[in-house]
file structure07.cif (mmCIF, C-alpha atoms, pLDDT in the B column; chains and numbers go by the auth columns)
data_protein
#
loop_
_atom_site.group_PDB
_atom_site.id
_atom_site.type_symbol
_atom_site.label_atom_id
_atom_site.label_comp_id
_atom_site.label_asym_id
_atom_site.label_seq_id
_atom_site.Cartn_x
_atom_site.Cartn_y
_atom_site.Cartn_z
_atom_site.B_iso_or_equiv
_atom_site.auth_seq_id
_atom_site.auth_asym_id
ATOM 1 C CA MET A 1 -25.427 -8.855 14.391 44.00 268 A
ATOM 2 C CA ASN A 2 -22.171 -7.840 12.753 59.00 269 A
ATOM 3 C CA THR A 3 -19.389 -6.553 14.926 66.00 270 A
ATOM 4 C CA LEU A 4 -17.499 -3.395 14.058 66.00 271 A
ATOM 5 C CA PRO A 5 -14.324 -5.326 13.138 68.00 272 A
ATOM 6 C CA ASP A 6 -16.413 -7.507 10.798 82.00 273 A
ATOM 7 C CA LEU A 7 -17.801 -4.376 9.166 82.00 274 A
ATOM 8 C CA VAL A 8 -14.318 -2.950 8.631 86.00 275 A
ATOM 9 C CA GLU A 9 -13.045 -6.280 7.302 90.00 276 A
ATOM 10 C CA ARG A 10 -15.816 -6.426 4.681 91.00 277 A
ATOM 11 C CA HIS A 11 -14.657 -3.033 3.375 91.00 278 A
ATOM 12 C CA VAL A 12 -11.001 -4.099 3.432 93.00 279 A
ATOM 13 C CA THR A 13 -11.887 -7.225 1.477 94.00 280 A
ATOM 14 C CA ALA A 14 -13.647 -5.094 -1.152 95.00 281 A
ATOM 15 C CA VAL A 15 -10.552 -2.904 -1.612 96.00 282 A
ATOM 16 C CA LEU A 16 -8.238 -5.925 -1.814 97.00 283 A
ATOM 17 C CA ASP A 17 -10.574 -7.674 -4.268 97.00 284 A
ATOM 18 C CA ARG A 18 -10.607 -4.589 -6.488 97.00 285 A
ATOM 19 C CA LEU A 19 -6.818 -4.396 -6.537 97.00 286 A
ATOM 20 C CA LYS A 20 -6.505 -8.133 -7.142 97.00 287 A
ATOM 21 C CA SER A 21 -8.916 -7.905 -10.075 97.00 288 A
ATOM 22 C CA ASP A 22 -5.836 -6.723 -12.018 96.00 289 A
ATOM 23 C CA SER A 23 -4.097 -9.955 -13.029 96.00 290 A
ATOM 24 C CA GLN A 24 -0.677 -8.321 -12.708 96.00 291 A
ATOM 25 C CA LEU A 25 -1.345 -7.026 -9.199 97.00 292 A
ATOM 26 C CA GLU A 26 -3.207 -10.092 -7.934 96.00 293 A
ATOM 27 C CA PRO A 27 -0.149 -12.102 -6.873 96.00 294 A
ATOM 28 C CA VAL A 28 1.671 -9.086 -5.393 97.00 295 A
ATOM 29 C CA THR A 29 -1.079 -7.353 -3.399 97.00 296 A
ATOM 30 C CA PHE A 30 -0.930 -7.797 0.364 96.00 297 A
ATOM 31 C CA GLU A 31 -2.642 -6.609 3.503 95.00 298 A
ATOM 32 C CA GLY A 32 0.083 -6.079 6.079 89.00 299 A
ATOM 33 C CA ASP A 33 2.774 -8.749 5.911 91.00 300 A
ATOM 34 C CA VAL A 34 4.401 -9.309 2.526 93.00 301 A
ATOM 35 C CA HIS A 35 4.944 -12.965 1.635 91.00 302 A
ATOM 36 C CA GLY A 36 7.914 -14.118 -0.389 90.00 303 A
ATOM 37 C CA ASN A 37 10.357 -11.590 -1.789 89.00 304 A
ATOM 38 C CA PRO A 38 8.603 -9.846 -4.695 94.00 305 A
ATOM 39 C CA GLU A 39 10.548 -7.197 -6.603 93.00 306 A
ATOM 40 C CA ARG A 40 7.448 -5.023 -6.735 95.00 307 A
ATOM 41 C CA TYR A 41 4.266 -5.158 -4.713 97.00 308 A
ATOM 42 C CA VAL A 42 1.306 -3.266 -3.290 97.00 309 A
ATOM 43 C CA ASN A 43 0.641 -3.255 0.428 97.00 310 A
ATOM 44 C CA VAL A 44 -2.705 -2.121 1.844 96.00 311 A
ATOM 45 C CA TRP A 45 -2.988 -0.728 5.360 95.00 312 A
ATOM 46 C CA HIS A 46 -6.141 0.615 6.991 90.00 313 A
ATOM 47 C CA ASP A 47 -7.278 2.207 10.207 83.00 314 A
ATOM 48 C CA SER A 48 -9.940 0.758 12.495 75.00 315 A
ATOM 49 C CA GLY A 49 -12.621 3.041 11.083 71.00 316 A
ATOM 50 C CA PHE A 50 -14.627 5.986 12.345 71.00 317 A
ATOM 51 C CA PHE A 51 -18.216 5.077 13.181 64.00 318 A
ATOM 52 C CA GLU A 52 -21.234 7.319 13.580 68.00 319 A
ATOM 53 C CA PRO A 53 -24.567 5.893 14.756 64.00 320 A
ATOM 54 C CA ARG A 54 -27.609 6.964 12.775 65.00 321 A
ATOM 55 C CA SER A 55 -30.330 5.618 15.047 62.00 322 A
ATOM 56 C CA ILE A 56 -31.309 6.019 18.679 63.00 323 A
ATOM 57 C CA LEU A 57 -30.088 2.490 19.348 61.00 324 A
ATOM 58 C CA GLY A 58 -26.844 3.127 17.502 58.00 325 A
ATOM 59 C CA GLU A 59 -27.417 0.017 15.400 60.00 326 A
ATOM 60 C CA HIS A 60 -27.015 1.492 11.942 59.00 327 A
ATOM 61 C CA GLN A 61 -23.705 3.115 11.435 80.00 328 A
ATOM 62 C CA ASP A 62 -21.989 5.266 8.909 85.00 329 A
ATOM 63 C CA VAL A 63 -18.348 4.309 8.626 88.00 330 A
ATOM 64 C CA ASP A 64 -15.240 6.028 7.274 90.00 331 A
ATOM 65 C CA ILE A 65 -12.150 3.896 6.761 92.00 332 A
ATOM 66 C CA THR A 66 -8.814 5.342 5.707 94.00 333 A
ATOM 67 C CA PHE A 67 -6.663 3.174 3.470 96.00 334 A
ATOM 68 C CA THR A 68 -2.962 3.800 3.017 96.00 335 A
ATOM 69 C CA ILE A 69 -1.564 1.972 0.032 97.00 336 A
ATOM 70 C CA HIS A 70 2.154 1.526 -0.566 97.00 337 A
ATOM 71 C CA ALA A 71 3.427 0.784 -4.062 97.00 338 A
ATOM 72 C CA VAL A 72 6.926 -0.649 -3.650 97.00 339 A
ATOM 73 C CA GLY A 73 9.674 -1.695 -6.041 97.00 340 A
ATOM 74 C CA LEU A 74 13.372 -2.438 -6.180 96.00 341 A
ATOM 75 C CA GLU A 75 13.600 0.140 -8.966 96.00 342 A
ATOM 76 C CA ARG A 76 11.839 3.511 -9.201 97.00 343 A
ATOM 77 C CA TRP A 77 9.902 2.464 -12.307 97.00 344 A
ATOM 78 C CA GLN A 78 8.455 -0.540 -10.441 97.00 345 A
ATOM 79 C CA ALA A 79 6.990 1.680 -7.702 97.00 346 A
ATOM 80 C CA VAL A 80 5.643 4.106 -10.327 97.00 347 A
ATOM 81 C CA TRP A 81 4.159 1.198 -12.302 96.00 348 A
ATOM 82 C CA ALA A 82 2.389 -0.278 -9.252 97.00 349 A
ATOM 83 C CA ASP A 83 1.185 3.150 -8.082 97.00 350 A
ATOM 84 C CA GLY A 84 -0.256 3.889 -11.522 96.00 351 A
ATOM 85 C CA ARG A 85 -2.196 0.635 -11.505 96.00 352 A
ATOM 86 C CA VAL A 86 -3.555 1.379 -8.025 97.00 353 A
ATOM 87 C CA LEU A 87 -4.661 4.820 -9.193 96.00 354 A
ATOM 88 C CA ALA A 88 -6.351 3.399 -12.294 96.00 355 A
ATOM 89 C CA LEU A 89 -8.241 0.816 -10.235 97.00 356 A
ATOM 90 C CA LEU A 90 -9.366 2.939 -7.298 96.00 357 A
ATOM 91 C CA ASN A 91 -9.695 6.477 -8.597 91.00 358 A
ATOM 92 C CA ASP A 92 -13.341 7.499 -8.955 86.00 359 A
ATOM 93 C CA PHE A 93 -14.513 3.964 -8.180 89.00 360 A
ATOM 94 C CA ARG A 94 -17.446 2.849 -6.051 91.00 361 A
ATOM 95 C CA LEU A 95 -16.869 -0.424 -4.198 93.00 362 A
ATOM 96 C CA THR A 96 -19.544 -3.013 -3.531 92.00 363 A
ATOM 97 C CA VAL A 97 -19.899 -4.193 0.074 92.00 364 A
ATOM 98 C CA PRO A 98 -22.893 -6.427 0.870 89.00 365 A
ATOM 99 C CA GLY A 99 -25.441 -4.617 3.037 87.00 366 A
ATOM 100 C CA ARG A 100 -23.718 -1.253 2.558 90.00 367 A
ATOM 101 C CA ARG A 101 -23.965 1.727 0.256 91.00 368 A
ATOM 102 C CA CYS A 102 -20.441 2.896 -0.553 93.00 369 A
ATOM 103 C CA TRP A 103 -19.449 6.306 -1.828 93.00 370 A
ATOM 104 C CA ARG A 104 -16.646 6.667 -4.324 95.00 371 A
ATOM 105 C CA LEU A 105 -13.216 6.344 -2.774 94.00 372 A
ATOM 106 C CA GLN A 106 -12.001 9.835 -1.906 94.00 373 A
ATOM 107 C CA PRO A 107 -8.322 10.617 -2.476 94.00 374 A
ATOM 108 C CA ALA A 108 -6.808 11.838 0.787 94.00 375 A
ATOM 109 C CA GLY A 109 -3.222 12.542 -0.179 93.00 376 A
ATOM 110 C CA THR A 110 -0.231 11.041 -1.884 93.00 377 A
ATOM 111 C CA GLN A 111 3.491 10.864 -1.430 91.00 378 A
ATOM 112 C CA PRO A 112 5.781 10.916 -4.439 88.00 379 A
ATOM 113 C CA VAL A 113 8.113 8.025 -5.075 95.00 380 A
ATOM 114 C CA GLU A 114 10.989 8.102 -2.618 96.00 381 A
ATOM 115 C CA LYS A 115 13.896 5.799 -1.930 97.00 382 A
ATOM 116 C CA ASP A 116 13.722 3.970 1.398 94.00 383 A
ATOM 117 C CA THR A 117 17.274 3.315 2.528 95.00 384 A
ATOM 118 C CA THR A 118 16.185 1.938 5.926 94.00 385 A
ATOM 119 C CA VAL A 119 15.715 -1.501 4.364 90.00 386 A
ATOM 120 C CA ASN A 120 18.246 -3.729 2.646 90.00 387 A
ATOM 121 C CA PRO A 121 18.205 -3.759 -0.276 91.00 388 A
ATOM 122 C CA PRO A 122 16.801 -0.216 -0.594 94.00 389 A
ATOM 123 C CA ARG A 123 13.321 0.010 -2.094 96.00 390 A
ATOM 124 C CA PHE A 124 11.382 2.746 -3.845 98.00 391 A
ATOM 125 C CA LEU A 125 8.033 3.605 -2.326 96.00 392 A
ATOM 126 C CA ALA A 126 4.966 5.583 -3.414 97.00 393 A
ATOM 127 C CA VAL A 127 2.109 6.194 -0.993 97.00 394 A
ATOM 128 C CA ARG A 128 -1.526 6.820 -1.850 96.00 395 A
ATOM 129 C CA ARG A 129 -4.302 7.375 0.701 96.00 396 A
ATOM 130 C CA TYR A 130 -8.072 7.000 0.246 96.00 397 A
ATOM 131 C CA ILE A 131 -11.081 7.398 2.514 94.00 398 A
ATOM 132 C CA LEU A 132 -14.036 5.090 2.015 94.00 399 A
ATOM 133 C CA HIS A 133 -17.408 6.245 3.358 92.00 400 A
ATOM 134 C CA SER A 134 -20.341 3.859 3.558 91.00 401 A
ATOM 135 C CA THR A 135 -23.781 3.749 5.108 88.00 402 A
ATOM 136 C CA PRO A 136 -26.224 0.898 5.632 86.00 403 A
ATOM 137 C CA ALA A 137 -27.954 -0.056 2.405 84.00 404 A
ATOM 138 C CA ARG A 138 -31.542 1.038 2.270 74.00 405 A
ATOM 139 C CA GLU A 139 -33.959 -1.795 2.482 63.00 406 A
ATOM 140 C CA THR A 140 -36.759 -1.794 -0.052 53.00 407 A
ATOM 141 C CA PRO A 141 -40.245 -2.112 1.474 48.00 408 A
#

call {"tool": "encode", "arguments": {"input": "structure07.cif", "output": "structure tokens"}}
result
Amino acid sequence: MNTLPDLVERHVTAVLDRLKSDSQLEPVTFEGDVHGNPERYVNVWHDSGFFEPRSILGEHQDVDITFTIHAVGLERWQAVWADGRVLALLNDFRLTVPGRRCWRLQPAGTQPVEKDTTVNPPRFLAVRRYILHSTPARETP
């Protein structure tokens, strides 16, 4: 039986794989910690999911996971560039997660590019948020 963290991680992997399918984003897409010192990058954060049982035993669960994606660059154009690529890859897209039926990613807000002066050197940052809803895949008889 899969644990809830395993279920969330399978969805996170699907989002990361989709972003990394872009050869220009692949080396600069991270979940959490950023490795190296890239001039521009995409960082994916997610919550622990909201689960709703759909059976008396609570075994089959609908899940909603909120993803917050930061597009970051040393220059404004780099953050805009990365954010545009994220939008092109995830907007109106249905992910594939084994054993699950995923809905299209639902936009849940954005933040325009802003300069973050709390880090040195300052970086430009765009934020995009999506909600992913999935249910157990229907088994064919």

call {"tool": "residues_around", "arguments": {"input": "structure07.cif", "residues": "A:Trp312", "least_positions_apart": "2", "cutoff": "7 Å", "atoms": "all atoms listed in the file", "output": "PyMOL selection string"}}
result
chain A and resi 298-299+310+334-336

call {"tool": "atom_distance", "arguments": {"input": "structure07.cif", "atom1": "atom CA of A:Leu392", "atom2": "atom CA of A:Gly316"}}
result
24.6 Å

call {"tool": "closest_residue", "arguments": {"input": "structure07.cif", "among": "A:Asp273, A:Glu306, A:Asp284, A:Asp359", "to": "A:Ala338", "atoms": "only C-alpha atoms"}}
result
A:Glu306

call {"tool": "resolve_selection", "arguments": {"input": "structure07.cif", "expression": "the PyMOL selection byres ((chain A and resi 346) around 9)", "output": "number ranges by chain"}}
result
A: 307-309, 337-345, 347-351, 380, 390-393

call {"tool": "residues_near_point", "arguments": {"input": "structure07.cif", "point": "(-1.0, -6.4, -6.8)", "cutoff": "9 Å", "atoms": "only C-alpha atoms", "output": "list in words"}}
result
Leu283, Leu286, Lys287, Ser288, Asp289, Ser290, Gln291, Leu292, Glu293, Pro294, Val295, Thr296, Phe297, Arg307, Tyr308, Val309, Asn310, Ala338, Ala349, Arg352 and Val353 of chain A

call {"tool": "resolve_selection", "arguments": {"input": "structure07.cif", "expression": "the PyMOL selection byres ((chain A and resi 374) around 9)", "output": "VMD selection string"}}
result
chain A and resid 358 to 359 372 to 373 375 to 377 395 to 398

call {"tool": "closest_residue", "arguments": {"input": "structure07.cif", "among": "A:Thr333, A:Thr385, A:Ser401, A:Gln378", "to": "A:Leu362", "atoms": "only C-alpha atoms"}}
result
A:Ser401

call {"tool": "axis_aligned_box", "arguments": {"input": "structure07.cif", "around": "stretch 344-351 of chain A", "padding_each_side": "6 Å", "output": "AutoDock Vina command-line options"}}
result
--center_x 4.8 --center_y 1.8 --center_z -10.0 --size_x 22.2 --size_y 16.6 --size_z 16.6

call {"tool": "residues_around", "arguments": {"input": "structure07.cif", "residues": "A:Pro403", "least_positions_apart": "5", "cutoff": "8 Å", "atoms": "only C-alpha atoms", "output": "PDB file with C-alpha atoms, keeping the file's coordinate frame"}}
result
ATOM      1  CA  HIS A 327     -27.015   1.492  11.942  1.00 59.00           C
ATOM      2  CA  GLN A 328     -23.705   3.115  11.435  1.00 80.00           C
ATOM      3  CA  ASP A 329     -21.989   5.266   8.909  1.00 85.00           C
ATOM      4  CA  GLY A 366     -25.441  -4.617   3.037  1.00 87.00           C
ATOM      5  CA  ARG A 367     -23.718  -1.253   2.558  1.00 90.00           C
ATOM      6  CA  ARG A 368     -23.965   1.727   0.256  1.00 91.00           C
TER       7      ARG A 368
END

call {"tool": "atom_distance", "arguments": {"input": "structure07.cif", "atom1": "atom CA of A:Pro389", "atom2": "atom CA of A:Ser315"}}
result
29.8 Å

call {"tool": "atom_distance", "arguments": {"input": "structure07.cif", "atom1": "atom CA of A:Val311", "atom2": "atom CA of A:Thr402"}}
result
22.1 Å
